[in-house]
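Student: Here you go, model_21.cif (mmCIF, C-alpha atoms and all ligand atoms):
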```
data_start
loop_
_atom_site.label_atom_id
_atom_site.label_comp_id
_atom_site.auth_asym_id
_atom_site.auth_seq_id
_atom_site.Cartn_x
_atom_site.Cartn_y
_atom_site.Cartn_z
CA MET A 48 -45.74 4.99 6.21
CA THR A 49 -46.63 5.43 9.84
CA GLY A 50 -49.73 4.89 11.93
CA ALA A 51 -52.84 4.64 9.82
CA GLY A 52 -50.85 4.90 6.60
CA ARG A 53 -50.45 8.65 6.88
CA GLN A 54 -47.14 10.15 5.94
CA ALA A 55 -45.29 11.71 8.85
CA ASP A 56 -45.31 15.50 8.65
CA THR A 57 -41.88 16.70 7.66
CA GLY A 58 -43.07 20.26 7.11
CA LEU A 59 -41.81 23.47 8.65
CA LEU A 60 -43.33 24.84 11.83
CA LEU A 61 -42.70 28.28 13.31
CA ALA A 62 -44.32 28.78 16.70
CA GLY A 63 -44.41 32.02 18.67
CA ILE A 64 -41.43 33.51 16.86
CA HIS A 65 -40.47 36.98 18.02
CA LYS A 66 -37.45 39.04 17.01
CA SER A 67 -36.54 42.60 17.97
CA TYR A 68 -33.59 44.74 16.95
CA GLY A 69 -33.33 47.28 19.74
CA LYS A 70 -36.70 49.01 19.73
CA VAL A 71 -37.74 47.65 16.35
CA ALA A 72 -39.94 44.54 16.59
CA ALA A 73 -39.10 42.99 13.21
CA VAL A 74 -41.19 39.82 13.72
CA ARG A 75 -44.00 39.54 16.25
CA ASN A 76 -45.30 36.24 17.60
CA LEU A 77 -45.38 34.61 14.24
CA GLU A 78 -47.14 31.26 13.79
CA LEU A 79 -46.70 29.42 10.52
CA HIS A 80 -46.99 25.85 9.36
CA VAL A 81 -45.77 24.86 5.91
CA ALA A 82 -47.00 21.33 5.21
CA THR A 83 -44.85 18.69 3.54
CA GLY A 84 -44.54 19.49 -0.16
CA GLU A 85 -46.31 22.83 0.19
CA LEU A 86 -45.02 26.19 -1.03
CA VAL A 87 -46.00 29.11 1.18
CA ALA A 88 -45.18 32.69 0.17
CA LEU A 89 -44.55 35.41 2.72
CA LEU A 90 -45.81 38.52 0.98
CA GLY A 91 -45.60 42.06 2.26
CA PRO A 92 -44.08 45.49 1.79
CA SER A 93 -40.42 46.25 2.37
CA GLY A 94 -39.51 46.14 6.06
CA CYS A 95 -42.44 43.96 7.19
CA GLY A 96 -40.17 41.19 8.49
CA LYS A 97 -40.07 38.65 5.65
CA THR A 98 -36.30 38.30 5.39
CA THR A 99 -35.87 38.26 9.16
CA THR A 100 -38.35 35.37 9.34
CA LEU A 101 -36.48 33.46 6.66
CA ARG A 102 -33.11 34.14 8.29
CA MET A 103 -34.41 32.68 11.55
CA VAL A 104 -35.43 29.51 9.71
CA ALA A 105 -32.01 29.43 8.05
CA GLY A 106 -30.19 29.94 11.34
CA PHE A 107 -28.55 33.27 10.48
CA GLU A 108 -30.63 34.98 13.17
CA THR A 109 -31.73 33.69 16.57
CA PRO A 110 -35.34 34.30 17.58
CA ASP A 111 -35.86 36.07 20.93
CA THR A 112 -38.65 33.60 21.66
CA GLY A 113 -40.35 30.72 19.91
CA SER A 114 -39.38 27.54 18.15
CA VAL A 115 -38.53 26.44 14.63
CA LYS A 116 -39.18 22.81 13.77
CA ILE A 117 -38.81 20.62 10.72
CA GLY A 118 -41.13 17.71 11.31
CA ALA A 119 -40.71 16.85 14.98
CA GLU A 120 -37.15 18.12 15.17
CA GLU A 121 -36.41 21.40 16.91
CA ILE A 122 -33.76 23.12 14.80
CA SER A 123 -33.46 26.51 16.56
CA ALA A 124 -30.21 25.58 18.25
CA LEU A 125 -28.56 24.07 15.17
CA PRO A 126 -26.03 26.03 13.11
CA PRO A 127 -27.17 26.86 9.54
CA HIS A 128 -25.21 24.07 7.81
CA LYS A 129 -26.79 21.41 10.04
CA ARG A 130 -30.37 22.38 9.24
CA ARG A 131 -30.66 20.52 5.92
CA LEU A 132 -32.02 23.55 4.09
CA GLY A 133 -31.65 24.70 0.53
CA MET A 134 -31.37 28.42 0.02
CA VAL A 135 -31.71 30.71 -2.94
CA PHE A 136 -31.30 34.29 -1.80
CA GLN A 137 -31.14 37.37 -3.95
CA ASN A 138 -27.64 38.09 -2.69
CA TYR A 139 -26.48 34.50 -2.34
CA SER A 140 -24.46 34.48 -5.51
CA LEU A 141 -22.52 31.80 -7.34
CA PHE A 142 -18.77 31.36 -7.01
CA PRO A 143 -17.51 33.22 -10.10
CA HIS A 144 -14.25 31.28 -10.40
CA ARG A 145 -15.86 27.87 -10.29
CA THR A 146 -17.65 26.22 -13.19
CA VAL A 147 -21.36 25.56 -13.14
CA ALA A 148 -20.70 21.91 -12.24
CA GLU A 149 -18.30 22.89 -9.43
CA ASN A 150 -20.84 25.36 -8.11
CA ILE A 151 -23.57 22.74 -8.07
CA GLY A 152 -21.33 20.06 -6.58
CA PHE A 153 -19.84 22.32 -3.92
CA GLY A 154 -22.14 21.22 -1.09
CA LEU A 155 -21.61 17.57 -1.93
CA ARG A 156 -17.83 17.99 -1.89
CA MET A 157 -18.03 19.70 1.50
CA ALA A 158 -20.06 16.71 2.68
CA GLY A 159 -17.21 14.43 1.54
CA MET A 160 -18.94 12.75 -1.39
CA SER A 161 -16.68 10.99 -3.93
CA ARG A 162 -15.98 12.58 -7.30
CA ALA A 163 -17.83 9.88 -9.26
CA GLU A 164 -20.95 10.07 -7.13
CA ARG A 165 -20.86 13.86 -7.24
CA ASP A 166 -20.63 13.88 -11.04
CA GLY A 167 -23.74 11.72 -11.27
CA LYS A 168 -25.74 14.01 -8.97
CA VAL A 169 -24.54 17.15 -10.72
CA ALA A 170 -25.58 15.74 -14.11
CA GLU A 171 -29.02 14.96 -12.68
CA MET A 172 -29.34 18.51 -11.44
CA LEU A 173 -28.19 19.99 -14.75
CA ASP A 174 -31.00 18.00 -16.36
CA LEU A 175 -33.50 19.19 -13.79
CA VAL A 176 -32.73 22.87 -14.41
CA GLN A 177 -32.36 22.36 -18.16
CA LEU A 178 -28.69 23.22 -18.36
CA GLN A 179 -27.50 19.94 -19.87
CA GLY A 180 -24.02 20.25 -21.29
CA ARG A 181 -23.33 23.59 -19.57
CA GLY A 182 -21.46 22.13 -16.59
CA ASP A 183 -18.05 23.32 -17.75
CA VAL A 184 -18.87 26.97 -18.34
CA TYR A 185 -18.34 29.77 -15.84
CA PRO A 186 -21.34 31.61 -14.36
CA SER A 187 -20.45 34.87 -16.12
CA LYS A 188 -21.18 33.14 -19.45
CA LEU A 189 -24.78 32.48 -18.38
CA SER A 190 -27.83 34.76 -18.43
CA GLY A 191 -29.35 35.98 -15.16
CA GLY A 192 -32.09 33.38 -15.39
CA GLN A 193 -29.61 30.58 -16.03
CA GLN A 194 -27.51 31.71 -13.07
CA GLN A 195 -30.54 31.54 -10.81
CA ARG A 196 -31.21 28.03 -12.13
CA VAL A 197 -27.67 27.06 -11.16
CA ALA A 198 -28.24 28.57 -7.71
CA LEU A 199 -31.41 26.52 -7.46
CA ALA A 200 -29.60 23.35 -8.55
CA ARG A 201 -26.83 24.02 -6.02
CA SER A 202 -29.40 24.32 -3.24
CA LEU A 203 -31.41 21.26 -4.29
CA VAL A 204 -28.53 18.85 -4.91
CA VAL A 205 -27.98 18.24 -1.19
CA ASN A 206 -31.55 16.96 -0.93
CA PRO A 207 -32.72 19.58 1.56
CA LYS A 208 -35.78 19.11 3.75
CA VAL A 209 -36.96 22.65 3.15
CA LEU A 210 -36.18 25.11 0.35
CA LEU A 211 -35.94 28.80 1.27
CA LEU A 212 -36.31 31.39 -1.47
CA ASP A 213 -35.79 35.09 -0.71
CA GLU A 214 -36.85 37.29 -3.64
CA PRO A 215 -35.12 34.77 -5.94
CA LEU A 216 -36.25 36.50 -9.13
CA GLY A 217 -35.85 40.07 -7.91
CA ALA A 218 -32.93 40.81 -10.23
CA LEU A 219 -34.57 39.47 -13.41
CA ASP A 220 -36.66 41.43 -15.89
CA LYS A 221 -40.38 40.87 -16.16
CA SER A 222 -40.69 38.37 -18.99
CA LEU A 223 -37.92 36.18 -17.59
CA ARG A 224 -39.39 36.44 -14.12
CA GLU A 225 -42.68 35.05 -15.34
CA SER A 226 -41.17 32.01 -17.05
CA MET A 227 -38.93 31.38 -14.01
CA GLN A 228 -41.99 31.48 -11.76
CA PHE A 229 -43.46 28.59 -13.74
CA GLU A 230 -40.15 26.79 -13.77
CA ILE A 231 -39.39 27.00 -10.06
CA ARG A 232 -42.96 26.14 -9.17
CA GLY A 233 -42.92 23.14 -11.53
CA MET A 234 -39.67 21.89 -10.08
CA GLN A 235 -40.85 22.33 -6.49
CA GLN A 236 -43.99 20.36 -7.27
CA ARG A 237 -42.18 17.58 -9.13
CA LEU A 238 -39.71 17.16 -6.27
CA GLY A 239 -42.47 17.55 -3.67
CA ILE A 240 -40.18 19.76 -1.64
CA THR A 241 -41.45 21.91 1.23
CA ALA A 242 -40.72 25.55 0.41
CA LEU A 243 -40.94 29.02 1.90
CA LEU A 244 -40.79 31.92 -0.56
CA VAL A 245 -40.31 35.56 0.38
CA THR A 246 -41.47 38.24 -2.02
CA HIS A 247 -42.94 41.74 -2.12
CA ASP A 248 -44.46 41.00 -5.55
CA GLN A 249 -48.10 39.96 -5.23
CA GLU A 250 -48.21 38.42 -8.69
CA GLU A 251 -45.21 36.28 -7.90
CA ALA A 252 -46.70 35.14 -4.59
CA MET A 253 -50.06 34.34 -6.14
CA SER A 254 -48.69 32.49 -9.14
CA MET A 255 -46.19 30.35 -7.21
CA ALA A 256 -47.67 29.55 -3.83
CA ASP A 257 -50.18 27.03 -2.53
CA ARG A 258 -50.86 29.53 0.22
CA VAL A 259 -49.93 33.18 0.60
CA ALA A 260 -49.26 34.73 4.01
CA VAL A 261 -49.71 38.51 3.85
CA MET A 262 -47.43 40.25 6.35
CA ASN A 263 -47.32 43.75 7.72
CA GLY A 264 -45.49 45.17 10.72
CA GLY A 265 -43.91 41.84 11.65
CA ARG A 266 -47.22 39.95 11.70
CA ILE A 267 -49.09 37.63 9.39
CA LEU A 268 -52.41 39.39 8.77
CA GLN A 269 -53.98 36.63 6.68
CA ILE A 270 -52.97 33.32 5.19
CA GLY A 271 -54.81 31.29 2.58
CA ALA A 272 -54.97 30.03 -0.98
CA PRO A 273 -54.30 32.87 -3.44
CA ALA A 274 -57.87 33.02 -4.76
CA ASP A 275 -59.18 32.89 -1.21
CA ILE A 276 -57.35 35.90 0.14
CA TYR A 277 -57.84 37.81 -3.10
CA ASP A 278 -61.61 37.30 -3.07
CA ARG A 279 -62.06 37.32 0.70
CA PRO A 280 -59.58 39.79 2.20
CA LYS A 281 -60.15 40.20 5.93
CA SER A 282 -58.60 43.63 6.25
CA ARG A 283 -58.21 46.84 4.34
CA PHE A 284 -54.46 46.26 4.18
CA VAL A 285 -54.81 42.85 2.52
CA ALA A 286 -57.47 44.13 0.10
CA GLU A 287 -55.21 46.98 -0.98
CA PHE A 288 -51.88 45.17 -0.96
CA LEU A 289 -53.17 42.24 -2.99
CA GLY A 290 -54.37 44.03 -6.08
CA THR A 291 -56.43 47.19 -6.13
CA SER A 292 -59.61 47.80 -4.22
CA ASN A 293 -62.30 50.44 -3.82
CA ILE A 294 -62.85 50.88 -0.08
CA PHE A 295 -66.09 52.47 1.17
CA GLU A 296 -66.54 53.74 4.72
CA GLY A 297 -69.98 53.97 6.26
CA THR A 298 -72.41 52.54 8.77
CA ALA A 299 -74.81 49.62 8.47
CA GLY A 300 -78.19 51.19 7.69
CA GLU A 301 -81.77 50.06 7.08
CA GLY A 302 -81.61 47.37 9.76
CA GLY A 303 -78.08 46.36 8.71
CA GLY A 304 -78.85 45.44 5.09
CA VAL A 305 -76.96 48.26 3.40
CA LEU A 306 -73.86 50.39 3.90
CA ALA A 307 -74.94 53.99 4.38
CA VAL A 308 -72.20 56.22 2.98
CA ALA A 309 -72.23 60.00 3.41
CA GLY A 310 -72.09 61.63 -0.03
CA PRO A 311 -72.07 65.33 -0.94
CA GLN A 312 -75.79 65.23 -1.77
CA GLY A 313 -76.81 63.02 1.15
CA ILE A 314 -76.67 59.42 2.23
CA VAL A 315 -76.02 56.77 -0.46
CA ASN A 316 -76.87 53.15 0.27
CA LEU A 317 -74.47 50.53 -1.07
CA PRO A 318 -75.37 46.84 -1.14
CA LEU A 319 -73.77 44.63 1.56
CA PRO A 320 -72.95 40.97 0.91
CA GLU A 321 -74.62 39.90 4.15
CA PRO A 322 -76.58 41.66 6.92
CA GLN A 323 -74.51 43.47 9.57
CA ALA A 324 -75.31 44.77 13.05
CA ALA A 325 -77.33 47.97 12.46
CA GLY A 326 -75.50 51.21 13.18
CA GLN A 327 -72.05 49.60 13.11
CA SER A 328 -69.16 51.40 11.38
CA LEU A 329 -67.94 49.32 8.46
CA LEU A 330 -65.50 49.19 5.58
CA LEU A 331 -66.58 47.60 2.32
CA SER A 332 -64.07 46.51 -0.31
CA VAL A 333 -65.08 46.14 -3.97
CA ARG A 334 -62.56 44.96 -6.57
CA PRO A 335 -62.33 47.08 -9.76
CA GLU A 336 -63.06 44.09 -11.99
CA ARG A 337 -66.29 43.38 -10.11
CA ILE A 338 -67.83 46.70 -11.13
CA SER A 339 -69.76 46.72 -14.38
CA LEU A 340 -69.98 49.70 -16.73
CA ALA A 341 -72.63 50.71 -19.25
CA SER A 342 -72.99 53.92 -21.19
CA GLY A 343 -75.57 56.52 -20.16
CA GLU A 344 -77.20 57.75 -16.96
CA ALA A 345 -78.00 55.20 -14.27
CA VAL A 346 -81.45 53.74 -13.93
CA LYS A 347 -80.13 51.20 -11.45
CA GLY A 348 -76.66 51.61 -9.94
CA PHE A 349 -74.62 54.83 -9.91
CA SER A 350 -74.05 57.51 -12.49
CA GLY A 351 -70.46 58.43 -13.17
CA ARG A 352 -68.12 60.10 -15.60
CA ILE A 353 -64.95 58.62 -17.07
CA VAL A 354 -62.01 60.75 -15.88
CA GLY A 355 -59.24 58.27 -16.68
CA ALA A 356 -59.00 55.51 -19.28
CA VAL A 357 -55.90 53.34 -19.72
CA PHE A 358 -55.39 50.42 -22.06
CA ARG A 359 -53.42 47.64 -20.35
CA GLY A 360 -53.40 44.97 -23.01
CA ASN A 361 -55.58 42.32 -21.43
CA TYR A 362 -57.89 44.83 -19.74
CA ALA A 363 -58.85 48.47 -19.63
CA ALA A 364 -58.48 50.44 -16.38
CA TYR A 365 -60.87 53.32 -15.78
CA GLN A 366 -61.14 56.02 -13.17
CA VAL A 367 -64.75 56.99 -12.83
CA GLU A 368 -65.94 60.03 -10.91
CA VAL A 369 -69.17 59.31 -9.06
CA PRO A 370 -70.81 62.61 -7.97
CA SER A 371 -73.28 61.01 -5.55
CA LEU A 372 -70.36 59.45 -3.64
CA GLY A 373 -68.09 62.46 -4.09
CA ARG A 374 -65.16 60.29 -5.17
CA GLU A 375 -63.49 58.38 -7.94
CA LEU A 376 -63.67 54.61 -8.33
CA PHE A 377 -61.35 52.22 -10.10
CA VAL A 378 -63.06 49.97 -12.63
CA TYR A 379 -61.35 47.29 -14.71
CA ARG A 380 -63.05 45.83 -17.75
CA GLN A 381 -61.94 43.19 -20.20
CA ALA A 382 -60.47 45.10 -23.16
CA ASP A 383 -63.20 44.34 -25.67
CA GLY A 384 -62.89 47.48 -27.77
CA PRO A 385 -60.98 47.70 -31.05
CA LEU A 386 -57.33 46.70 -30.78
CA GLY A 387 -55.36 49.10 -28.60
CA ALA A 388 -58.41 51.13 -27.59
CA THR A 389 -60.61 51.40 -24.53
CA THR A 390 -64.37 50.91 -24.79
CA TYR A 391 -65.27 54.09 -22.87
CA HIS A 392 -63.70 57.46 -23.48
CA LEU A 393 -62.81 60.44 -21.30
CA GLY A 394 -65.80 62.51 -20.28
CA GLN A 395 -68.34 59.83 -21.16
CA THR A 396 -71.31 59.37 -18.84
CA VAL A 397 -71.57 55.82 -17.56
CA THR A 398 -73.53 53.66 -15.15
CA LEU A 399 -71.63 51.65 -12.54
CA ASP A 400 -73.08 48.68 -10.74
CA TRP A 401 -72.07 45.58 -8.82
CA ALA A 402 -73.81 42.71 -7.11
CA PRO A 403 -74.04 42.62 -3.30
CA GLN A 404 -71.86 39.47 -3.20
CA ASP A 405 -69.07 41.33 -5.01
CA GLY A 406 -68.38 43.42 -1.93
CA VAL A 407 -66.41 42.20 1.09
CA VAL A 408 -66.65 43.69 4.57
CA VAL A 409 -63.08 44.23 5.82
CA SER A 410 -61.51 45.33 9.10
CA ALA A 411 -59.71 48.67 9.37
CA GLU A 412 -56.37 46.94 10.10
N1 LIG B 501 -29.76 43.29 11.36
C1 LIG B 501 -30.70 44.21 11.62
N2 LIG B 501 -30.47 45.21 12.51
C2 LIG B 501 -31.42 46.12 12.80
N3 LIG B 501 -32.64 46.16 12.23
C3 LIG B 501 -32.92 45.20 11.33
C4 LIG B 501 -31.98 44.19 10.97
N4 LIG B 501 -32.55 43.38 10.05
C5 LIG B 501 -33.79 43.86 9.84
N5 LIG B 501 -34.03 44.95 10.60
C6 LIG B 501 -35.28 45.72 10.65
O1 LIG B 501 -36.33 44.79 10.85
C7 LIG B 501 -37.46 45.12 10.05
C8 LIG B 501 -37.79 43.98 9.12
O2 LIG B 501 -36.77 43.82 8.13
P1 LIG B 501 -36.76 42.69 7.04
O3 LIG B 501 -37.02 41.39 7.69
O4 LIG B 501 -35.49 42.81 6.27
O5 LIG B 501 -37.99 43.10 6.13
P2 LIG B 501 -38.39 42.64 4.65
O6 LIG B 501 -37.55 41.47 4.26
O7 LIG B 501 -39.83 42.30 4.75
O8 LIG B 501 -38.15 43.83 3.77
C9 LIG B 501 -37.09 46.41 9.34
O9 LIG B 501 -37.59 47.48 10.12
C10 LIG B 501 -35.59 46.40 9.34
O10 LIG B 501 -35.08 47.70 9.29
MG MG B 502 -36.29 41.25 2.49
#
```
Written as structure tokens, how would this file's structure read?
Tutor:
Amino acid sequence: MTGAGRQADTGLLLAGIHKSYGKVAAVRNLELHVATGELVALLGPSGCGKTTTLRMVAGFETPDTGSVKIGAEEISALPPHKRRLGMVFQNYSLFPHRTVAENIGFGLRMAGMSRAERDGKVAEMLDLVQLQGRGDVYPSKLSGGQQQRVALARSLVVNPKVLLLDEPLGALDKSLRESMQFEIRGMQQRLGITALLVTHDQEEAMSMADRVAVMNGGRILQIGAPADIYDRPKSRFVAEFLGTSNIFEGTAGEGGGVLAVAGPQGIVNLPLPEPQAAGQSLLLSVRPERISLASGEAVKGFSGRIVGAVFRGNYAAYQVEVPSLGRELFVYRQADGPLGATTYHLGQTVTLDWAPQDGVVVSAE
């Protein structure tokens, strides 16, 4: 304990990080603080700079400008092995000709730890990743998920200050990925280890991270708790990358209280969550699950016609053509029809509606 009983921050701090490869600016003036014990996910499409960011933390790349700190210590000038990091990368594979125990104990042996002490630590790690009694087998005898658990154990055994995970579950199939998400997250929380996860999978980011940083074009566009950025995206890109969204373009009409959208039969007013400067061009994002459906022509709301209906197990996804808006909208409803069926069928006339607070004004970025 220091000062007024607060724990010293041993988190990860990236300040003003910039990295170009020739004319390609891979990472642009990136600012990121991962607090002690926090897991932050860098989420974004392929090529947005996630791996480059992680490699600069790891020491495999040198930033053009900026600093990388763990706690108060500047680590930018340190070689990778002196940074006290644990790494699980997609392509950071196990040594095939060493047993599971030898793989896990490798870092400790390099650090000069005695055999007896190493064995104790390795056994602890085997427990942690639920591979008790599997220390003597070779990696090829393990499933993909088990191999990633060994990789995790190997990175954690050296007691790293920060854990770096680059698409760690990318090679696993969906059901295994989901259980591994719980497992890695549980372990990270139990150990209280500071972690930075890189993924292009929004579900993975949202289910594992305390905070998600959405990246595009080398920048962090928005960072926040998963529910926060999902419900309150600041930009069109975030709204569309994190889930699906219906985006409406228009201008603030009637003194700024509604979004006036040009439809084929004239102007249609959509509700706005809060008043906007009148006459301003705006984008409004409405999530598919926020739109309600009822059968029949609209009295209140918008009339539409079902042009697509897909059963997705836990919900039904609809495409609804709305003539007054001259476009189709995505609508998700809880699958409450008979087993395996959707509630509304193709061609059916429906009413769509949503509350003003269900829309979010977003920037064009
Ligand atoms: N070693 C490199 N040499 C040249 N360009 C690179 C190199 N590494 C990454 N890039 C480029 O930098 C950008 C970001 O890449 P990367 O960080 O791998 O993205 P992500 O991990 O988000 O898919 C891409 O345009 C990529 O082509
Ligand atoms: Mg990558």
Student: Within 6 Å of ligand LIG 501 (chain B), counting all atoms listed in the file: which residues, as an MDAnalysis selection string?
Tutor: chainID A and resid 68 73 93:99
Student: For ligand MG 502 (chain B), which of A:Ser161, A:Gln381, A:Thr246, A:Asn150 is the closest residue, counting only C-alpha atoms and all ligand atoms?
Tutor: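 Nearest to ligand MG 502 (chain B): A:Thr246.
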Student: With distances taken over all atoms listed in the file, which of A:Arg181, A:Arg334, A:His247, A:Lys129 is nearest to ligand MG 502 (chain B)?
Tutor: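 Ranking A:Arg181, A:Arg334, A:His247, A:Lys129 by distance to ligand MG 502 (chain B), first place goes to A:His247.
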Student: Could you tell me which of A:Glu230, A:Gly265, A:Val205, A:Ser350 comes closest to Gly159 in chain A if we count only C-alpha atoms?
Tutor: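 The answer is A:Val205, which sits nearest to Gly159 in chain A.
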Student: Suppose you want the space between CA of Tyr379 in chain A and CA of Ile353 in chain A; what is it in Å?
Tutor: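 Separating CA of Tyr379 in chain A from CA of Ile353 in chain A is a distance of 12.1 Å.
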Student: Of the candidates A:Pro215, A:Pro207, A:Gly191, A:Gly167, which one gets nearest to ligand MG 502 (chain B) if we count only C-alpha atoms and all ligand atoms?
Tutor: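 Closest candidate: A:Pro215.
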Student: Residues near Glu336 in chain A, anyone? I mean within 10 Å using only C-alpha atoms, not counting same-chain ones fewer than 2 positions away, as a PyMOL selection string.
Tutor: chain A and resi 291-292+333-334+338-339+362-364+377-381+401+405
Student: Taking 6 positions as the minimum chain separation for residues in the same chain, which residues sit within 7 Å of Thr398 in chain A when counting only C-alpha atoms? Answer as a PyMOL selection string.
Tutor: chain A and resi 340-345+348-351
Student: What's around Phe136 in chain A at 7 Å? Count only C-alpha atoms, leave out sequence neighbours fewer than 5 positions away in its own chain, and write the answer as a PyMOL selection string.
Tutor: chain A and resi 212-215
Student: Excluding Ala72 in chain A and residues on its chain fewer than 3 positions from it, collect all residues at most 12 Å away from it, counting all atoms listed in the file, and give them as a VMD selection string.
Tutor: chain A and resid 64 to 69 75 to 77 94 to 96 99 to 100 110 to 111 263 to 266
Student: Using only C-alpha atoms and all ligand atoms, which of A:Ala299, A:Ala200, A:Val357, A:Val245 sits nearest ligand MG 502 (chain B)?
Tutor: A:Val245
Student: Hey, can you check how far CA of Gly302 in chain A sits from CA of Leu331 in chain A?
Tutor: 16.8 Å
